[in-house]
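Visitor: Got data23.txt for you, compact mmCIF, N, CA, C and O atoms:
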```
# COMPACT_ATOMS: atom_id res chain seq x y z
N MET G 283 25.25 -28.43 -6.66
CA MET G 283 25.50 -28.73 -5.27
C MET G 283 24.15 -28.92 -4.58
O MET G 283 23.33 -28.01 -4.58
N PRO G 284 23.90 -30.08 -4.01
CA PRO G 284 22.61 -30.33 -3.38
C PRO G 284 22.49 -29.54 -2.07
O PRO G 284 23.47 -29.32 -1.37
N ALA G 285 21.27 -29.12 -1.78
CA ALA G 285 21.02 -28.40 -0.54
C ALA G 285 21.03 -29.39 0.62
O ALA G 285 20.42 -30.45 0.55
N ARG G 286 21.76 -29.04 1.67
CA ARG G 286 21.82 -29.91 2.83
C ARG G 286 20.81 -29.46 3.86
O ARG G 286 20.61 -28.27 4.07
N ALA G 287 20.18 -30.40 4.50
CA ALA G 287 19.21 -30.08 5.54
C ALA G 287 19.97 -29.66 6.79
O ALA G 287 20.94 -30.29 7.18
N LEU G 288 19.52 -28.60 7.38
CA LEU G 288 20.15 -28.09 8.59
C LEU G 288 19.52 -28.78 9.79
O LEU G 288 18.31 -28.81 9.93
N LYS G 289 20.34 -29.37 10.63
CA LYS G 289 19.83 -30.05 11.82
C LYS G 289 20.12 -29.19 13.04
O LYS G 289 21.27 -28.88 13.35
N LEU G 290 19.07 -28.76 13.70
CA LEU G 290 19.20 -27.96 14.90
C LEU G 290 18.98 -28.84 16.12
O LEU G 290 18.12 -29.71 16.12
N THR G 291 19.77 -28.61 17.13
CA THR G 291 19.66 -29.38 18.35
C THR G 291 19.52 -28.42 19.53
O THR G 291 20.29 -27.47 19.65
N LEU G 292 18.53 -28.66 20.36
CA LEU G 292 18.31 -27.84 21.55
C LEU G 292 19.24 -28.35 22.64
O LEU G 292 19.16 -29.50 23.05
N ILE G 293 20.15 -27.49 23.11
CA ILE G 293 21.10 -27.93 24.12
C ILE G 293 20.78 -27.37 25.50
O ILE G 293 21.39 -27.73 26.48
N ALA G 294 19.82 -26.46 25.57
CA ALA G 294 19.44 -25.87 26.86
C ALA G 294 18.01 -26.28 27.17
O ALA G 294 17.23 -26.61 26.28
N PRO G 295 17.64 -26.26 28.43
CA PRO G 295 16.26 -26.58 28.78
C PRO G 295 15.32 -25.51 28.22
O PRO G 295 15.74 -24.41 27.88
N SER G 296 14.05 -25.83 28.13
CA SER G 296 13.10 -24.88 27.56
C SER G 296 12.97 -23.65 28.46
O SER G 296 13.23 -23.69 29.65
N ALA G 297 12.57 -22.56 27.85
CA ALA G 297 12.47 -21.29 28.56
C ALA G 297 11.24 -21.26 29.45
O ALA G 297 10.23 -21.90 29.15
N SER G 298 11.33 -20.50 30.49
CA SER G 298 10.18 -20.30 31.37
C SER G 298 9.19 -19.38 30.66
O SER G 298 9.56 -18.69 29.69
N PRO G 299 7.95 -19.32 31.10
CA PRO G 299 6.99 -18.39 30.48
C PRO G 299 7.48 -16.95 30.51
O PRO G 299 7.26 -16.20 29.55
N GLU G 300 8.15 -16.53 31.57
CA GLU G 300 8.65 -15.16 31.66
C GLU G 300 9.76 -14.92 30.63
O GLU G 300 9.82 -13.87 30.00
N GLU G 301 10.63 -15.90 30.46
CA GLU G 301 11.71 -15.76 29.48
C GLU G 301 11.15 -15.73 28.06
O GLU G 301 11.60 -14.94 27.22
N ALA G 302 10.17 -16.57 27.80
CA ALA G 302 9.55 -16.58 26.47
C ALA G 302 8.87 -15.25 26.19
O ALA G 302 8.97 -14.70 25.08
N ALA G 303 8.18 -14.70 27.18
CA ALA G 303 7.52 -13.40 27.01
C ALA G 303 8.55 -12.31 26.77
O ALA G 303 8.33 -11.40 25.96
N ALA G 304 9.69 -12.37 27.45
CA ALA G 304 10.75 -11.38 27.25
C ALA G 304 11.31 -11.46 25.83
O ALA G 304 11.58 -10.43 25.21
N VAL G 305 11.48 -12.66 25.32
CA VAL G 305 11.98 -12.82 23.95
C VAL G 305 10.99 -12.26 22.95
O VAL G 305 11.35 -11.52 22.03
N VAL G 306 9.72 -12.57 23.13
CA VAL G 306 8.68 -12.07 22.22
C VAL G 306 8.62 -10.55 22.28
O VAL G 306 8.52 -9.86 21.26
N ALA G 307 8.66 -9.99 23.49
CA ALA G 307 8.63 -8.53 23.63
C ALA G 307 9.83 -7.89 22.95
O ALA G 307 9.71 -6.84 22.30
N GLY G 308 11.00 -8.51 23.08
CA GLY G 308 12.19 -7.98 22.42
C GLY G 308 12.08 -8.02 20.91
O GLY G 308 12.48 -7.08 20.22
N LEU G 309 11.53 -9.10 20.38
CA LEU G 309 11.33 -9.20 18.93
C LEU G 309 10.34 -8.16 18.44
O LEU G 309 10.55 -7.54 17.40
N GLU G 310 9.25 -7.96 19.17
CA GLU G 310 8.27 -6.96 18.77
C GLU G 310 8.88 -5.56 18.80
O GLU G 310 8.64 -4.76 17.90
N ARG G 311 9.66 -5.27 19.81
CA ARG G 311 10.31 -3.97 19.90
C ARG G 311 11.27 -3.78 18.73
O ARG G 311 11.33 -2.70 18.12
N PHE G 312 12.03 -4.83 18.39
CA PHE G 312 12.95 -4.75 17.25
C PHE G 312 12.20 -4.52 15.95
O PHE G 312 12.60 -3.70 15.12
N MET G 313 11.09 -5.23 15.76
CA MET G 313 10.32 -5.08 14.52
C MET G 313 9.76 -3.67 14.39
O MET G 313 9.75 -3.09 13.31
N ARG G 314 9.27 -3.08 15.49
CA ARG G 314 8.77 -1.71 15.43
C ARG G 314 9.89 -0.72 15.16
O ARG G 314 9.71 0.25 14.42
N ALA G 315 11.06 -0.95 15.75
CA ALA G 315 12.18 -0.02 15.59
C ALA G 315 12.77 -0.06 14.19
O ALA G 315 13.30 0.94 13.71
N THR G 316 12.69 -1.19 13.51
CA THR G 316 13.32 -1.33 12.19
C THR G 316 12.32 -1.35 11.05
O THR G 316 12.70 -1.55 9.90
N ALA G 317 11.04 -1.11 11.35
CA ALA G 317 10.02 -1.11 10.29
C ALA G 317 10.22 0.09 9.37
O ALA G 317 10.66 1.16 9.81
N PRO G 318 9.93 -0.06 8.09
CA PRO G 318 10.06 1.08 7.17
C PRO G 318 9.06 2.18 7.54
O PRO G 318 7.98 1.90 8.08
N ALA G 319 9.43 3.41 7.25
CA ALA G 319 8.56 4.54 7.55
C ALA G 319 7.31 4.50 6.69
O ALA G 319 7.33 4.04 5.55
N ILE G 320 6.23 4.98 7.24
CA ILE G 320 4.97 5.02 6.51
C ILE G 320 5.04 6.15 5.47
O ILE G 320 5.43 7.28 5.79
N ALA G 321 4.69 5.82 4.26
CA ALA G 321 4.72 6.80 3.18
C ALA G 321 3.63 7.85 3.40
O ALA G 321 2.53 7.52 3.86
N PRO G 322 3.91 9.11 3.08
CA PRO G 322 2.88 10.13 3.23
C PRO G 322 1.73 9.87 2.27
O PRO G 322 1.91 9.32 1.19
N GLY G 323 0.55 10.27 2.68
CA GLY G 323 -0.64 10.07 1.84
C GLY G 323 -0.58 10.89 0.57
O GLY G 323 0.11 11.91 0.49
N ALA G 324 -1.28 10.44 -0.42
CA ALA G 324 -1.30 11.14 -1.69
C ALA G 324 -2.08 12.45 -1.55
O ALA G 324 -3.00 12.56 -0.74
N LYS G 325 -1.69 13.43 -2.35
CA LYS G 325 -2.37 14.72 -2.34
C LYS G 325 -3.79 14.52 -2.87
O LYS G 325 -3.98 13.86 -3.90
N PRO G 326 -4.80 15.05 -2.18
CA PRO G 326 -6.17 14.85 -2.65
C PRO G 326 -6.37 15.50 -4.03
O PRO G 326 -5.84 16.56 -4.31
N ALA G 327 -7.10 14.80 -4.86
CA ALA G 327 -7.35 15.28 -6.22
C ALA G 327 -8.33 16.45 -6.20
O ALA G 327 -9.11 16.63 -5.26
N ASP G 328 -8.25 17.26 -7.25
CA ASP G 328 -9.18 18.37 -7.41
C ASP G 328 -10.60 17.80 -7.52
O ASP G 328 -10.86 16.92 -8.33
N PRO G 329 -11.55 18.28 -6.69
CA PRO G 329 -12.88 17.68 -6.72
C PRO G 329 -13.60 17.85 -8.06
O PRO G 329 -14.35 16.98 -8.47
N TRP G 330 -13.33 18.94 -8.77
CA TRP G 330 -13.95 19.13 -10.09
C TRP G 330 -13.41 18.12 -11.09
O TRP G 330 -14.15 17.55 -11.90
N ARG G 331 -12.10 17.92 -11.05
CA ARG G 331 -11.49 16.95 -11.98
C ARG G 331 -11.98 15.54 -11.66
O ARG G 331 -12.28 14.77 -12.56
N ARG G 332 -12.07 15.23 -10.39
CA ARG G 332 -12.55 13.90 -9.99
C ARG G 332 -13.98 13.69 -10.47
O ARG G 332 -14.33 12.62 -10.98
N ALA G 333 -14.82 14.71 -10.31
CA ALA G 333 -16.20 14.59 -10.77
C ALA G 333 -16.26 14.38 -12.28
O ALA G 333 -17.05 13.57 -12.77
N ALA G 334 -15.41 15.10 -13.01
CA ALA G 334 -15.40 14.96 -14.47
C ALA G 334 -14.96 13.56 -14.87
O ALA G 334 -15.53 12.95 -15.78
N ILE G 335 -13.98 13.02 -14.19
CA ILE G 335 -13.51 11.67 -14.51
C ILE G 335 -14.60 10.66 -14.20
O ILE G 335 -14.87 9.74 -14.98
N LEU G 336 -15.26 10.82 -13.04
CA LEU G 336 -16.31 9.87 -12.67
C LEU G 336 -17.50 9.94 -13.63
O LEU G 336 -18.15 8.94 -13.88
N GLU G 337 -17.79 11.11 -14.14
CA GLU G 337 -18.91 11.26 -15.07
C GLU G 337 -18.52 10.90 -16.50
O GLU G 337 -19.37 10.79 -17.37
N GLY G 338 -17.24 10.74 -16.75
CA GLY G 338 -16.79 10.38 -18.09
C GLY G 338 -16.86 11.55 -19.05
O GLY G 338 -17.02 11.36 -20.26
N VAL G 339 -16.72 12.76 -18.55
CA VAL G 339 -16.79 13.94 -19.41
C VAL G 339 -15.45 14.11 -20.10
O VAL G 339 -14.41 14.06 -19.47
N GLU G 340 -15.49 14.36 -21.40
CA GLU G 340 -14.27 14.59 -22.16
C GLU G 340 -13.97 16.08 -22.20
O GLU G 340 -14.89 16.90 -22.28
N ARG G 341 -12.69 16.41 -22.14
CA ARG G 341 -12.31 17.82 -22.20
C ARG G 341 -12.44 18.34 -23.63
O ARG G 341 -12.89 19.45 -23.86
N GLU G 342 -12.04 17.55 -24.57
CA GLU G 342 -12.12 17.94 -25.98
C GLU G 342 -12.89 16.87 -26.74
O GLU G 342 -12.71 15.68 -26.50
N VAL G 343 -13.70 17.31 -27.63
CA VAL G 343 -14.48 16.37 -28.43
C VAL G 343 -13.58 15.76 -29.48
O VAL G 343 -12.78 16.44 -30.10
N GLN G 344 -13.70 14.45 -29.68
CA GLN G 344 -12.92 13.80 -30.71
C GLN G 344 -13.66 13.93 -32.04
O GLN G 344 -14.83 13.60 -32.14
N GLY G 345 -12.95 14.44 -33.02
CA GLY G 345 -13.60 14.68 -34.30
C GLY G 345 -14.37 16.00 -34.26
O GLY G 345 -14.35 16.73 -33.29
N ASP G 346 -15.07 16.30 -35.33
CA ASP G 346 -15.83 17.55 -35.40
C ASP G 346 -17.32 17.21 -35.35
O ASP G 346 -18.01 17.20 -36.36
N ARG G 347 -17.80 16.93 -34.17
CA ARG G 347 -19.20 16.54 -34.02
C ARG G 347 -20.03 17.66 -33.41
O ARG G 347 -21.14 17.44 -32.96
N GLY G 348 -19.50 18.86 -33.30
CA GLY G 348 -20.24 19.97 -32.74
C GLY G 348 -20.06 20.05 -31.23
O GLY G 348 -19.17 19.45 -30.66
N ASP G 349 -20.95 20.78 -30.61
CA ASP G 349 -20.87 21.00 -29.18
C ASP G 349 -21.33 19.74 -28.44
O ASP G 349 -22.46 19.29 -28.62
N PRO G 350 -20.49 19.17 -27.55
CA PRO G 350 -20.88 17.94 -26.88
C PRO G 350 -22.01 18.16 -25.86
O PRO G 350 -22.72 17.24 -25.52
N TRP G 351 -22.17 19.40 -25.40
CA TRP G 351 -23.21 19.66 -24.40
C TRP G 351 -24.58 19.85 -25.06
O TRP G 351 -25.61 19.48 -24.49
N LEU G 352 -24.59 20.42 -26.26
CA LEU G 352 -25.86 20.67 -26.93
C LEU G 352 -26.24 19.53 -27.86
O LEU G 352 -27.38 19.43 -28.29
N ARG G 353 -25.28 18.69 -28.18
CA ARG G 353 -25.49 17.55 -29.09
C ARG G 353 -26.07 18.03 -30.43
O ARG G 353 -27.04 17.52 -30.94
N VAL G 354 -25.45 19.09 -30.96
CA VAL G 354 -25.88 19.65 -32.23
C VAL G 354 -25.16 18.96 -33.35
O VAL G 354 -24.07 18.62 -33.30
```
Let me see whether you can do it: turn the structure in this file into structure tokens.
Guide:
Amino acid sequence: MPARALKLTLIAPSASPEEAAAVVAGLERFMRATAPAIAPGAKPADPWRRAAILEGVEREVQGDRGDPWLRV
């Protein structure tokens, strides 16, 4: 089924500046009233864990290479 083009026809005279402002204000009020709620912020990460991730420190050494801090 082919899509038909919708033809709109203006049957009333154009709105006055005050009427146009009222329509815009009504639309803005509607958009604010129906906007989705803002999601709560994420819980801040543990600063020690964040520092370890940023430094690339591993919790457990892969393989048996000795102490990772002493590099023995």
Visitor: For the atom pair CA of Gly308 (chain G) and CA of Pro322 (chain G), what is the interatomic distance in Å to one decimal place?
Guide: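 About the pair CA of Gly308 (chain G) and CA of Pro322 (chain G): they are 28.0 Å apart.
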Visitor: Just the number, please: distance in Å from CA of Ser296 (chain G) to CA of Arg311 (chain G), one decimal.
Guide: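 If I compute the distance from CA of Ser296 (chain G) to CA of Arg311 (chain G), I get 22.4 Å.
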Visitor: Using 8 Å of padding on each side, determine the axis-aligned box around all atoms of region 318-333 of chain G present in the file and give its centre and edge lengths in Å to one decimal, as AutoDock Vina command-line options.
Guide:
```
--center_x -3.5 --center_y 9.5 --center_z -2.3 --size_x 43.1 --size_y 35.2 --size_z 36.9
```
